[in-house]
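Engineer: Handing you this structure, nothing more for now.
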Amino acid sequence: MDSIEEKRVYGDREGALEAYVASALGVVRVRVAGDTVGEFDLCERCTARDLATTADGVVVASDDDIVILERDSDGEMTATETGFGPAVAVGVTHEELIAAAPDGTVARRPIVGGDWVPLEEQSIATVRAIDGGLIGTDSGVYRVHDGGLDHVGLTDVRDVAAASVPLAATDEGLFKLGNGWMDCLEEPMTAVAADPVTEPGQLSRAHAVAADGTLTAFIGNEWVEVAAPTDESVVALEYGETVYAVTEQGTFCALAGDTRADEREKIDEREGVDTHERTDLEWRCRSLGVHDVSALAISALE
């Protein structure tokens with residue numbers, strides 16, 4: 001596949017990141033700097049269902065196992081199997097990996113070494129998403145707590161975001177966790193993401209995708225419809241210097257001109273623009289040549 005195996009010309013740039021995309025063909029590694037998309041390659045062949053980054057690499061949930069990918073001295077990715085078995089979702093907390101099997105079994109293990117330990121004696125439900133210690137299932141949201149799982153409400157959850165203020169995308173709408181679950185949008189939602197570089201309890205950058213493809217951003221303390229990157233189905237969003245998205249059909253997108261909220265506000269103040277009214281930013285997109293994409297994760301380059 002030429003679009004995967006041919007590496008794009010890309011010079012070293014300050015602030016460069018690596019994005020990892022889970023697909024039916026495997027894990028695609030994409031190098032980005034701001035809204036510039038550079039070289040990309042297939043770094044692990046597998047049927048990847050989900051992934052999450054750690055300080056040293058990326059953890060992949062595949063049809064065969066939970067695999068940890070880390071860079072060797074030559075910059076190549078090496079894979080280490082963990083013995084979990086087939087997995088549908090994976091998340092990372094400060095100290096642990098959290099993973100879910102197709103039958104709803106959820107287990108944890110230390111990020112470095114150790115064995116998998118089930119969080120419940122029985123499976124909980126069909127797990128659809130894990131972010132940090134937050135788990136989204138068809139029977140609602142669960143939280144990892146004291147070595148077990150606490151059900152914290154909702155039903156038919158499609159995606160969750162644990163950063164700052166917990167968010168849940170469900171068949172009934174978008175919800176945030178405060179004094180109970182409070183509704184933000186009243187339409188079926190399929191994906192949600194929040195910037196992890198945010199003060200706890202404060203929502204700054206966040207996006208949600210509706211079942212009809214509508215993209216909504218949290219701007220000026222309210223959810224506002226913004227331009228979607230493409231007509232294809234957006235399955236995941238992540239944050240770095242700007243906002244990144246990936247579609248089920250394998251298109252990787254970067255929001256041109258966006259920066260973290262505090263930096264954007266300073267720029268707009270100089271330009272005389274109201275930051276909270278910016279819905280006109282454009283996306284830059286590139287096909288990765290893969291299909292059945294299901295997840296996206298961002299990692300800083302050392």
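To be explicit about the labels: the chains of the structure tokens are called A, B, and onward in the order shown, and within each one the residues are counted from 1, while ligands get numbers from 1 in the order they are shown.
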Hey, what's within 10 Å of Val234 (chain A) if we count only C-alpha atoms and toss same-chain stuff fewer than 3 positions away? As an MDAnalysis selection string, please?
Structural biologist: chainID A and resid 190:191 208:211 213:215 228:231 237 245:253 293:295
Engineer: Quick one: everything within 6 Å of Val21 (chain A), counting only C-alpha atoms, minus sequence neighbours fewer than 5 positions away in the same chain. Send it as a count of residues only.
Structural biologist: 4
Engineer: Just give me the gap between CA of Ala100 (chain A) and CA of Gly180 (chain A) in Å, one decimal is fine.
Structural biologist: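 Interatomic distance, CA of Ala100 (chain A) to CA of Gly180 (chain A): 25.3 Å.
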Engineer: Please identify the alpha helix (DSSP H) residues within region 69-299 of chain A (assignment by DSSP from backbone atoms) and present them as a list of chain:residue names.
Structural biologist: A:Ala261, A:Asp262, A:Glu263, A:Arg264, A:Glu265, A:Lys266, A:Ile267, A:Asp268, A:Glu269, A:Arg270, A:Glu271
Engineer: Return the single residue from A:Gly173, A:Gly178, A:Gly26, A:Gly136 that is closest to Asp159 (chain A), with distances computed using only C-alpha atoms.
Structural biologist: A:Gly136
Engineer: Would you pick out the contacts of region 109-113 of chain A at 10 Å or less, using only C-alpha atoms, so that residues sharing its chain but fewer than 2 positions from it are not included, and give the list as a PDB file with C-alpha atoms, in the first residue's frame?
Structural biologist:
```pdb
ATOM      1  CA  THR A  54       1.754   6.450  27.904  1.00  0.00           C
ATOM      2  CA  ALA A  55       4.886   8.467  28.660  1.00  0.00           C
ATOM      3  CA  ASP A  56       6.975   5.886  26.792  1.00  0.00           C
ATOM      4  CA  VAL A  59      -0.924   0.701  24.238  1.00  0.00           C
ATOM      5  CA  ILE A  68       2.584  -2.150  24.206  1.00  0.00           C
ATOM      6  CA  THR A  82       0.844  -8.442  27.781  1.00  0.00           C
ATOM      7  CA  PHE A  84      -4.564 -10.004  28.239  1.00  0.00           C
ATOM      8  CA  VAL A  92      -4.380   4.739  30.772  1.00  0.00           C
ATOM      9  CA  THR A  93      -4.481   6.341  34.212  1.00  0.00           C
ATOM     10  CA  HIS A  94      -1.480   7.847  36.008  1.00  0.00           C
ATOM     11  CA  GLU A  95      -0.349   4.427  37.209  1.00  0.00           C
ATOM     12  CA  GLU A  96      -2.332   1.713  35.424  1.00  0.00           C
ATOM     13  CA  LEU A  97      -3.626   0.304  32.184  1.00  0.00           C
ATOM     14  CA  ILE A  98      -7.363  -0.436  32.052  1.00  0.00           C
ATOM     15  CA  ALA A  99      -8.577  -2.860  29.375  1.00  0.00           C
ATOM     16  CA  ALA A 107      -8.990  -5.666  34.151  1.00  0.00           C
ATOM     17  CA  ASP A 115      -0.196  -9.087  35.765  1.00  0.00           C
ATOM     18  CA  TRP A 116      -3.745  -8.266  34.735  1.00  0.00           C
ATOM     19  CA  VAL A 117      -6.195  -8.232  37.651  1.00  0.00           C
ATOM     20  CA  PRO A 118      -9.978  -8.295  36.992  1.00  0.00           C
TER      21      PRO A 118
END
```
